[in-house]
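S.K.: So that you have it, the file is coords-v2.cif, and it contains mmCIF, C-alpha atoms:
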data_target
loop_
_atom_site.label_atom_id
_atom_site.label_comp_id
_atom_site.auth_asym_id
_atom_site.auth_seq_id
_atom_site.Cartn_x
_atom_site.Cartn_y
_atom_site.Cartn_z
CA MET A 1291 -34.12 27.07 4.38
CA ASN A 1292 -35.17 24.22 6.61
CA GLN A 1293 -32.01 22.27 5.93
CA GLU A 1294 -29.83 25.32 6.47
CA PHE A 1295 -31.60 26.09 9.70
CA GLU A 1296 -31.15 22.50 10.86
CA GLU A 1297 -27.41 23.04 10.60
CA ILE A 1298 -27.61 26.31 12.48
CA LEU A 1299 -29.81 24.72 15.10
CA LYS A 1300 -27.38 21.86 15.49
CA MET A 1301 -24.53 24.30 16.10
CA LEU A 1302 -26.69 26.24 18.55
CA GLN A 1303 -27.49 23.07 20.45
CA GLU A 1304 -23.83 22.06 20.54
CA THR A 1305 -22.94 25.45 21.93
CA HIS A 1306 -25.73 25.20 24.47
CA ARG A 1307 -24.58 21.74 25.56
CA GLU A 1308 -21.04 22.88 26.26
CA PRO A 1309 -20.41 22.32 29.95
CA ILE A 1310 -20.43 25.32 32.22
CA ALA A 1311 -17.49 25.59 34.58
CA GLU A 1312 -18.19 24.16 38.01
CA ALA A 1313 -16.88 27.38 39.54
CA HIS A 1314 -19.96 29.23 38.26
CA TYR A 1315 -22.29 26.71 39.89
CA ALA A 1316 -20.30 26.79 43.12
CA ALA A 1317 -20.39 30.58 43.19
CA VAL A 1318 -24.17 30.62 42.78
CA ARG A 1319 -24.72 27.99 45.46
CA SER A 1320 -22.42 29.67 47.97
CA ARG A 1321 -24.07 33.05 47.42
CA VAL A 1322 -27.52 31.55 47.87
CA LEU A 1323 -26.59 29.65 51.03
CA ALA A 1324 -24.85 32.71 52.48
CA GLN A 1325 -27.91 34.86 51.88
CA ILE A 1326 -30.22 32.26 53.40
CA ALA A 1327 -27.99 31.99 56.46
CA ALA A 1328 -27.94 35.76 56.84
CA GLU A 1329 -31.72 36.02 56.63
CA ARG A 1330 -32.43 33.14 58.99
CA PRO A 1331 -33.67 34.21 62.45
CA SER A 1332 -31.00 33.53 65.04
CA TRP A 1333 -33.10 32.05 67.84
CA TRP A 1334 -30.20 31.87 70.26
CA ARG A 1335 -29.84 35.64 70.30
CA TRP A 1336 -33.30 35.88 71.86
CA THR A 1337 -32.84 33.26 74.56
CA TRP A 1338 -32.82 35.86 77.29
CA ALA A 1339 -36.04 37.34 75.95
CA TYR A 1340 -37.70 33.92 75.89
CA GLY A 1341 -36.57 33.33 79.48
CA LEU A 1342 -37.95 36.68 80.59
CA ALA A 1343 -41.24 36.01 78.83
CA ALA A 1344 -41.53 32.59 80.47
CA LEU A 1345 -40.82 34.11 83.88
CA THR A 1346 -43.40 36.84 83.39
CA LEU A 1347 -45.92 34.28 82.24
CA ALA A 1348 -45.23 32.13 85.26
CA ILE A 1349 -45.73 35.08 87.62
CA LEU A 1350 -48.98 36.02 85.89
CA LEU A 1351 -50.32 32.47 85.95
CA PHE A 1352 -49.35 31.82 89.54
CA PRO A 1353 -49.89 35.12 91.37
CA LYS A 1354 -49.38 33.52 94.80
CA VAL A 1355 -45.82 32.88 93.90
CA GLY A 1356 -44.06 35.91 95.13
CA ARG A 1357 -43.70 38.00 98.16
CA THR A 1358 -46.66 38.24 100.53
CA PRO A 1359 -47.75 41.84 100.70
CA TRP A 1360 -47.48 43.57 104.06
CA SER A 1361 -51.18 44.16 104.18
CA ALA A 1362 -51.83 40.43 104.02
CA ARG A 1363 -49.56 39.56 106.86
CA GLY A 1364 -50.89 38.85 110.32
CA PRO A 1365 -49.50 40.42 113.46
CA LEU A 1366 -46.64 38.67 115.12
CA ALA A 1367 -47.14 36.99 118.43
CA PRO A 1368 -46.09 39.22 121.28
CA LEU A 1369 -42.86 38.48 122.99
CA ALA A 1370 -43.19 36.64 126.23
CA ALA A 1371 -40.64 35.88 128.81
CA PRO A 1372 -39.80 32.20 128.68
CA GLN A 1373 -39.70 30.08 131.72
CA ILE A 1374 -36.17 28.88 131.85
CA SER A 1375 -34.89 26.77 134.61
CA LEU A 1376 -31.39 27.67 135.63
CA SER A 1377 -30.53 24.10 136.37
CA ALA A 1378 -31.27 23.12 132.80
CA SER A 1379 -28.97 25.77 131.44
CA ALA A 1380 -26.20 24.56 133.63
CA GLU A 1381 -26.57 20.94 132.67
CA GLY A 1382 -27.42 21.54 129.04
CA PRO A 1383 -30.65 21.24 127.15
CA ALA A 1384 -33.32 18.78 128.11
CA ALA A 1385 -32.37 15.39 126.83
CA GLU A 1386 -35.41 14.79 124.72
CA PRO A 1387 -35.10 12.31 121.90
CA ALA A 1388 -34.44 14.02 118.60
CA ALA A 1389 -37.34 12.19 117.03
CA ASP A 1390 -39.72 13.90 119.44
CA GLN A 1391 -38.49 17.27 118.30
CA GLY A 1392 -39.35 16.57 114.72
CA VAL A 1393 -35.76 16.28 113.72
CA ARG A 1394 -34.15 13.19 112.35
CA PRO A 1395 -31.57 11.90 114.76
CA THR A 1396 -28.06 12.21 113.53
CA THR A 1397 -24.75 11.05 114.82
CA ALA A 1398 -24.01 14.59 115.84
CA ALA A 1399 -26.97 14.46 118.14
CA ARG A 1400 -25.44 11.58 120.03
CA ARG A 1401 -22.20 13.36 120.62
CA LYS A 1402 -21.38 14.82 123.92
CA ARG A 1403 -22.94 18.21 123.99
CA ARG A 1404 -21.30 21.25 125.28
CA PRO A 1405 -23.03 23.16 127.97
CA HIS A 1406 -25.79 25.20 126.49
CA ILE A 1407 -26.24 28.78 127.43
CA ALA A 1408 -29.72 30.00 126.90
CA ALA A 1409 -30.23 33.07 124.77
CA PRO A 1410 -31.47 36.19 126.51
CA ALA A 1411 -35.20 36.28 126.79
CA ALA A 1412 -35.51 39.48 124.82
CA TYR A 1413 -34.28 37.79 121.64
CA GLN A 1414 -36.48 34.75 121.81
CA VAL A 1415 -39.52 34.65 119.59
CA ILE A 1416 -42.59 32.70 120.41
CA GLY A 1417 -44.66 31.37 117.58
CA PRO A 1418 -44.03 30.02 114.12
CA PRO A 1419 -40.88 31.18 112.37
CA ILE A 1420 -41.32 34.10 110.05
CA PRO A 1421 -40.89 32.95 106.45
CA GLN A 1422 -37.87 34.53 104.87
CA PRO A 1423 -38.48 35.79 101.32
CA LEU A 1424 -36.38 34.19 98.61
CA LEU A 1425 -34.56 36.70 96.43
CA VAL A 1426 -33.36 35.56 93.02
CA LYS A 1427 -31.27 37.91 90.96
CA LEU A 1428 -31.24 37.23 87.19
CA VAL A 1429 -28.50 38.92 85.24
CA THR A 1430 -29.26 39.36 81.53
CA ASN A 1431 -27.03 40.09 78.55
CA ASP A 1432 -28.08 43.69 78.77
CA PRO A 1433 -26.19 45.27 81.70
CA ASN A 1434 -29.04 47.75 82.18
CA VAL A 1435 -31.57 44.98 82.78
CA VAL A 1436 -31.42 43.02 86.03
CA ILE A 1437 -34.38 40.92 87.05
CA TYR A 1438 -35.20 40.37 90.73
CA TRP A 1439 -37.53 37.56 91.61
CA ILE A 1440 -38.79 37.74 95.20
CA SER A 1441 -40.71 34.73 96.40
CA GLY A 1442 -42.13 33.43 99.68
CA GLU A 1443 -41.65 29.88 100.86
CA MET B 1335 -44.21 16.54 29.28
CA ALA B 1336 -41.64 13.95 28.38
CA LEU B 1337 -38.58 16.09 28.97
CA LEU B 1338 -39.79 17.61 32.19
CA ALA B 1339 -40.63 14.14 33.44
CA ALA B 1340 -37.16 12.98 32.47
CA LEU B 1341 -35.61 15.93 34.26
CA ALA B 1342 -37.66 15.22 37.32
CA ALA B 1343 -36.40 11.66 37.33
CA MET B 1344 -32.71 12.59 36.93
CA ASP B 1345 -31.71 11.53 40.42
CA GLY B 1346 -34.69 9.33 41.02
CA PRO B 1347 -38.06 10.55 42.20
CA ASP B 1348 -37.46 9.33 45.73
CA GLU B 1349 -34.20 11.24 46.07
CA ARG B 1350 -35.80 14.39 44.75
CA ARG B 1351 -38.81 14.05 46.99
CA ASP B 1352 -36.60 13.38 50.00
CA ALA B 1353 -34.43 16.39 49.20
CA ILE B 1354 -37.49 18.62 48.89
CA THR B 1355 -39.00 17.30 52.12
CA ALA B 1356 -35.75 17.77 54.04
CA ALA B 1357 -35.23 21.23 52.57
CA GLN B 1358 -38.78 22.17 53.55
CA ALA B 1359 -37.88 21.16 57.10
CA GLY B 1360 -35.02 23.66 57.03
CA ASP B 1361 -32.15 21.33 56.15
CA LEU B 1362 -29.65 23.52 54.25
CA ALA B 1363 -27.62 20.52 53.09
CA ALA B 1364 -30.74 19.12 51.45
CA PHE B 1365 -31.40 22.48 49.81
CA ASP B 1366 -27.82 22.51 48.55
CA LEU B 1367 -28.46 19.09 47.01
CA LEU B 1368 -31.65 20.42 45.43
CA MET B 1369 -29.66 23.27 43.89
CA ARG B 1370 -27.07 20.85 42.52
CA GLN B 1371 -29.84 18.82 40.91
CA HIS B 1372 -31.22 21.84 39.07
CA GLN B 1373 -28.26 24.19 38.71
CA ARG B 1374 -27.60 23.42 35.06
CA LEU B 1375 -31.23 23.89 34.12
CA VAL B 1376 -31.35 27.34 35.72
CA LEU B 1377 -27.89 28.65 34.86
CA ALA B 1378 -27.80 27.47 31.23
CA THR B 1379 -31.29 28.81 30.54
CA ALA B 1380 -30.46 32.12 32.17
CA LEU B 1381 -27.22 32.30 30.21
CA ARG B 1382 -29.02 31.89 26.89
CA LEU B 1383 -31.72 34.37 27.84
CA THR B 1384 -29.43 37.09 29.22
CA GLY B 1385 -26.41 36.52 27.00
CA ASN B 1386 -23.75 36.91 29.67
CA MET B 1387 -22.55 34.85 32.59
CA GLU B 1388 -22.57 37.62 35.16
CA ASP B 1389 -26.28 38.29 34.71
CA ALA B 1390 -26.96 34.55 34.48
CA ARG B 1391 -25.36 34.01 37.86
CA ASP B 1392 -27.40 36.82 39.39
CA ILE B 1393 -30.53 35.33 37.87
CA SER B 1394 -29.68 31.87 39.17
CA GLN B 1395 -29.12 33.23 42.64
CA GLU B 1396 -32.47 34.98 42.56
CA VAL B 1397 -34.26 31.90 41.27
CA PHE B 1398 -32.87 29.64 44.00
CA LEU B 1399 -33.68 32.19 46.68
CA ARG B 1400 -37.24 32.30 45.39
CA LEU B 1401 -37.27 28.52 45.46
CA TYR B 1402 -36.15 28.53 49.09
CA LYS B 1403 -38.88 31.00 50.05
CA ASN B 1404 -41.52 29.00 48.16
CA LEU B 1405 -40.45 25.50 49.17
CA GLY B 1406 -43.67 25.06 51.07
CA LYS B 1407 -45.65 25.48 47.87
CA VAL B 1408 -43.78 22.71 46.05
CA LYS B 1409 -46.19 19.82 46.25
CA ALA B 1410 -44.61 17.41 43.78
CA ALA B 1411 -41.00 16.97 42.68
CA ASP B 1412 -42.21 16.47 39.10
CA ALA B 1413 -43.53 20.02 38.95
CA LEU B 1414 -40.26 21.61 40.05
CA PRO B 1415 -38.42 21.86 36.68
CA ALA B 1416 -41.37 23.62 35.04
CA TRP B 1417 -41.61 25.97 38.01
CA LEU B 1418 -37.88 26.72 37.77
CA TYR B 1419 -38.12 27.43 34.03
CA ARG B 1420 -41.00 29.81 34.63
CA VAL B 1421 -39.24 31.65 37.46
CA THR B 1422 -36.02 31.86 35.44
CA VAL B 1423 -37.82 33.38 32.45
CA ASN B 1424 -39.63 35.84 34.73
CA ALA B 1425 -36.40 36.79 36.50
CA CYS B 1426 -34.73 37.44 33.14
CA HIS B 1427 -37.71 39.59 32.17
CA ASP B 1428 -37.37 41.57 35.43
CA LEU B 1429 -33.65 42.03 34.84
CA ARG B 1430 -34.27 43.27 31.33
CA ARG B 1431 -36.65 45.87 32.69
CA ARG B 1432 -34.17 46.96 35.36
CA LYS B 1433 -31.07 46.92 33.17
CA PRO B 1434 -32.15 47.11 29.54
CA GLU B 1435 -28.62 47.74 28.32
CA SER B 1436 -27.28 44.54 29.83
CA ALA B 1437 -29.62 42.30 27.90
CA GLU B 1438 -29.45 44.14 24.60
CA GLY B 1439 -27.17 42.60 22.09
CA ASN B 1440 -24.65 44.46 20.05
CA ALA B 1441 -25.46 42.47 16.97
CA ALA B 1442 -25.28 45.38 14.56
CA ASP B 1443 -21.65 45.95 15.45
CA LEU B 1444 -20.91 42.32 14.93
CA VAL B 1445 -22.44 42.20 11.47
CA ALA B 1446 -20.82 45.45 10.42
CA GLY B 1447 -17.48 44.41 11.82
CA ASP B 1448 -14.51 43.66 9.68
CA ILE B 1449 -14.58 39.98 8.77
CA ASP B 1450 -11.19 38.58 8.00
CA ALA B 1451 -11.63 36.07 5.19
CA HIS B 1452 -8.29 34.47 5.89
CA THR B 1453 -9.06 33.76 9.49
CA ALA B 1454 -10.42 30.35 10.13
CA LEU B 1455 -13.83 30.11 11.68
CA THR B 1456 -12.85 29.18 15.16
CA GLN B 1457 -15.10 27.54 17.65
CA ALA B 1458 -15.12 30.66 19.78
CA GLU B 1459 -16.11 32.81 16.85
CA ARG B 1460 -18.90 30.48 15.88
CA ARG B 1461 -20.16 30.47 19.44
CA ARG B 1462 -20.08 34.25 19.50
CA VAL B 1463 -22.14 34.47 16.33
CA LEU B 1464 -24.71 32.03 17.61
CA GLU B 1465 -25.00 33.82 20.93
CA MET B 1466 -25.43 37.10 19.09
CA SER B 1467 -28.11 35.57 16.93
CA LEU B 1468 -30.10 34.85 20.09
CA ARG B 1469 -29.61 38.36 21.36
CA ILE B 1470 -31.19 39.98 18.34
CA LEU B 1471 -34.46 38.24 19.12
CA PRO B 1472 -37.27 39.89 21.03
CA GLU B 1473 -37.56 38.61 24.57
CA LYS B 1474 -40.55 36.33 24.14
CA GLU B 1475 -39.34 34.83 20.88
CA ARG B 1476 -35.97 34.15 22.44
CA ALA B 1477 -37.52 32.48 25.48
CA ALA B 1478 -39.71 30.30 23.28
CA LEU B 1479 -36.81 29.27 21.07
CA VAL B 1480 -34.44 28.58 23.97
CA LEU B 1481 -36.98 26.43 25.77
CA ARG B 1482 -38.17 24.61 22.64
CA ASP B 1483 -35.04 24.16 20.55
CA LEU B 1484 -32.23 24.28 23.12
CA GLU B 1485 -33.78 22.93 26.29
CA GLY B 1486 -35.92 20.48 24.32
CA LEU B 1487 -39.31 21.15 25.89
CA SER B 1488 -42.42 20.35 23.92
CA THR B 1489 -44.58 23.14 22.55
CA GLU B 1490 -47.17 22.39 25.19
CA GLU B 1491 -44.59 22.63 27.97
CA VAL B 1492 -43.20 25.89 26.58
CA ALA B 1493 -46.71 27.32 26.41
CA ARG B 1494 -47.31 26.37 30.02
CA VAL B 1495 -44.01 27.86 31.18
CA LEU B 1496 -44.54 31.12 29.28
CA GLY B 1497 -48.23 31.34 30.08
CA SER B 1498 -49.16 31.51 26.39
CA SER B 1499 -51.21 29.42 24.03
CA GLU B 1500 -49.55 26.74 21.94
CA ALA B 1501 -50.43 28.64 18.75
CA THR B 1502 -48.66 31.73 20.05
CA VAL B 1503 -45.59 29.69 20.95
CA ARG B 1504 -45.50 28.08 17.51
CA SER B 1505 -45.68 31.50 15.91
CA GLN B 1506 -42.93 32.88 18.15
CA ILE B 1507 -40.65 29.94 17.45
CA SER B 1508 -41.23 30.21 13.74
CA LYS B 1509 -40.36 33.92 13.70
CA ALA B 1510 -37.34 33.37 15.91
CA ARG B 1511 -35.97 30.63 13.64
CA ALA B 1512 -36.36 32.81 10.57
CA LYS B 1513 -34.56 35.73 12.24
CA ILE B 1514 -31.69 33.55 13.40
CA HIS B 1515 -31.39 32.05 9.94
CA ASP B 1516 -31.23 35.50 8.35
CA PHE B 1517 -28.71 36.73 10.88
CA VAL B 1518 -26.36 33.79 10.46
CA GLU B 1519 -26.71 33.94 6.67
CA ARG B 1520 -25.79 37.62 6.70
CA TYR B 1521 -22.77 36.91 8.79
CA PHE B 1522 -21.48 33.91 6.90
CA SER B 1523 -22.39 34.81 3.33
CA PRO B 1524 -19.49 37.26 2.70
CA ARG B 1525 -17.09 34.64 4.01
CA LYS B 1526 -18.63 31.98 1.79
CA ARG B 1527 -18.34 34.26 -1.22
CA ARG B 1528 -14.67 34.99 -0.52
CA LEU B 1529 -13.85 31.36 0.14
#
For the file at hand, write its structure as structure tokens.
M.R.:
Amino acid sequence: MNQEFEEILKMLQETHREPIAEAHYAAVRSRVLAQIAAERPSWWRWTWAYGLAALTLAILLFPKVGRTPWSARGPLAPLAAPQISLSASAEGPAAEPAADQGVRPTTAARRKRRPHIAAPAAYQVIGPPIPQPLLVKLVTNDPNVVIYWISGE
Amino acid sequence: MALLAALAAMDGPDERRDAITAAQAGDLAAFDLLMRQHQRLVLATALRLTGNMEDARDISQEVFLRLYKNLGKVKAADALPAWLYRVTVNACHDLRRRKPESAEGNAADLVAGDIDAHTALTQAERRRVLEMSLRILPEKERAALVLRDLEGLSTEEVARVLGSSEATVRSQISKARAKIHDFVERYFSPRKRRL
């Protein structure tokens, strides 16, 4: 029986060693790779979510970044009538050096100035300029979600 | 361990280790290379265990997907072939439970079929008989015989893959050989008598 089985076994091994068509291997590999690609998380689809999370985190970590609440604001300086000399308005503004005004001198400053007409007193504000809030509008992929970021200076 | 070591060294241990490391890092090209290195092992084993190419391809797909999900657990390239054999055998077992009719052979029909004495024993016919002889075996005996006699693993390696003792594997192989011998004898004996 052993000798007979050796022959059978030899035939079995020959059959087993017959090459399998490459198409079968290729089909298996392509199916596996396709399934892996389908199951992989697509990080780029969530970019907007990551951006929103980072923004929220930044606002939470730095609470001073943002609009100053009305309750925290001080009263504005009262309006006062400025003392304007009429002669100055006729001749133009006082010829102070630009460096003294805290402004870097430019070539435009050296040009011949046109006569300056002073603004009406009622529109002049005394005191530091009021900081204008910065409004940033973030448009996301979702048309129903628009993010506004309001920030002080 | 000799055969598994030889399999592990097919493309060089460095290449295999590099492919595994790159695949673990998410490189799909490296994983494709890893599949190419082991595709014959998985597909041919699955083909002998299931008996048909369609199921063997499904099994191979499942095995490689499991490999991808468990790449992090692969510590050494040498251990990969044994792991693949084990997963392939388990996947075939799962398939047999899900679709028992697909793995069952139709050996009785083959033996009872009309054998034309004047027809030469073609290669295809011989292959069909041998494949049928595997399909008459119980699942564990077939796995033991395929791994030991066709894939060339040692008894110790087969025992490790199947999670059995070496004595059990020896017994299973012995029974499987006897059944195959009887089956082939039954098929060929009428032909021999007529010729």
S.K.: Of the candidates A:Ile1326, A:Ala1344, A:Val1426, A:Ala1313, which shows the shortest atom-to-atom distance to chain B, using all atoms listed in the file?
M.R.: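 Closest to chain B, using all atoms listed in the file: A:Ile1326.
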S.K.: Restrict the calculation to only C-alpha atoms, then for each residue of chain B with any atom at most 6 Å from an atom of chain A give the closest atom pair and their distance in Å to one decimal, rows by chain and rising residue number, as a tab-separated table.
M.R.:
residue	atom	partner	partner_atom	distance
B:Gln1395	CA	A:Val1318	CA	5.6
B:Leu1484	CA	A:Gln1303	CA	5.6
B:His1515	CA	A:Phe1295	CA	6.0
S.K.: Would you compute the distance between atom CA of Ile1514 of chain B and atom CA of Glu1485 of chain B? Give it in Å to one decimal.
M.R.: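 Atom CA of Glu1485 of chain B lies at a distance of 16.8 Å from atom CA of Ile1514 of chain B.
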S.K.: Between atom CA of Ala1367 of chain A and atom CA of His1406 of chain A, what is the distance in Å, rounded to a tenth?
M.R.: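 Taking atom CA of Ala1367 of chain A as the start and atom CA of His1406 of chain A as the end point, the length is 25.7 Å.
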S.K.: How many Å lie between atom CA of Leu1479 of chain B and atom CA of Phe1398 of chain B, rounded to one decimal?
M.R.: 23.3 Å
S.K.: Give me the residues near Asn1431 of chain A as a ChimeraX atom specification, where near means some atom within 10 Å (using all atoms listed in the file) and where sequence neighbours in that chain fewer than 5 positions away do not count.
M.R.: /A:1335,1337-1339,1436
S.K.: Expanded to explicit residues, what is the PyMOL selection byres ((chain B and resi 1488) around 12) for this file, as a PyMOL selection string?
M.R.: chain B and resi 1335-1339+1416+1478-1487+1489-1495+1500+1503-1504+1507
S.K.: Hey, what comes out of the PyMOL selection byres ((chain B and resi 1510) around 8) on this file? Could you write it as an MDAnalysis selection string?
M.R.: chainID B and resid 1471 1475:1476 1479 1506:1509 1511:1514
S.K.: Kindly provide, as a list in words, the polymer residues lying within 10 Å of (-35.3, 38.3, 35.7), counting only C-alpha atoms and using the coordinates exactly as they appear in the file.
M.R.: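 Using only C-alpha atoms, the matching residues come out as Ala1380, Leu1383, Thr1384, Asp1389, Ala1390, Asp1392, Ile1393, Ser1394, Glu1396, Val1397, Val1421, Thr1422, Val1423, Asn1424, Ala1425, Cys1426, His1427, Asp1428, Leu1429, Arg1430, Arg1431, Arg1432 and Lys1433 of chain B.
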S.K.: Tell me, as number ranges by chain, which residues lie within 12 Å of Thr1346 of chain A, counting only C-alpha atoms; anything in the same chain fewer than 3 positions away does not count.
M.R.: A: 1339-1343, 1349-1353, 1355-1356, 1437-1439
S.K.: Take the residues from that selection and put them in a file with C-alpha atoms, as an mmCIF file, in the coordinates of the input.
M.R.:
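The resulting file, selection32.cif, is shown below:
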data_model
loop_
_atom_site.group_PDB
_atom_site.id
_atom_site.type_symbol
_atom_site.label_atom_id
_atom_site.label_comp_id
_atom_site.auth_asym_id
_atom_site.auth_seq_id
_atom_site.Cartn_x
_atom_site.Cartn_y
_atom_site.Cartn_z
ATOM 1 C CA ALA A 1339 -36.040 37.340 75.950
ATOM 2 C CA TYR A 1340 -37.700 33.920 75.890
ATOM 3 C CA GLY A 1341 -36.570 33.330 79.480
ATOM 4 C CA LEU A 1342 -37.950 36.680 80.590
ATOM 5 C CA ALA A 1343 -41.240 36.010 78.830
ATOM 6 C CA ILE A 1349 -45.730 35.080 87.620
ATOM 7 C CA LEU A 1350 -48.980 36.020 85.890
ATOM 8 C CA LEU A 1351 -50.320 32.470 85.950
ATOM 9 C CA PHE A 1352 -49.350 31.820 89.540
ATOM 10 C CA PRO A 1353 -49.890 35.120 91.370
ATOM 11 C CA VAL A 1355 -45.820 32.880 93.900
ATOM 12 C CA GLY A 1356 -44.060 35.910 95.130
ATOM 13 C CA ILE A 1437 -34.380 40.920 87.050
ATOM 14 C CA TYR A 1438 -35.200 40.370 90.730
ATOM 15 C CA TRP A 1439 -37.530 37.560 91.610
#
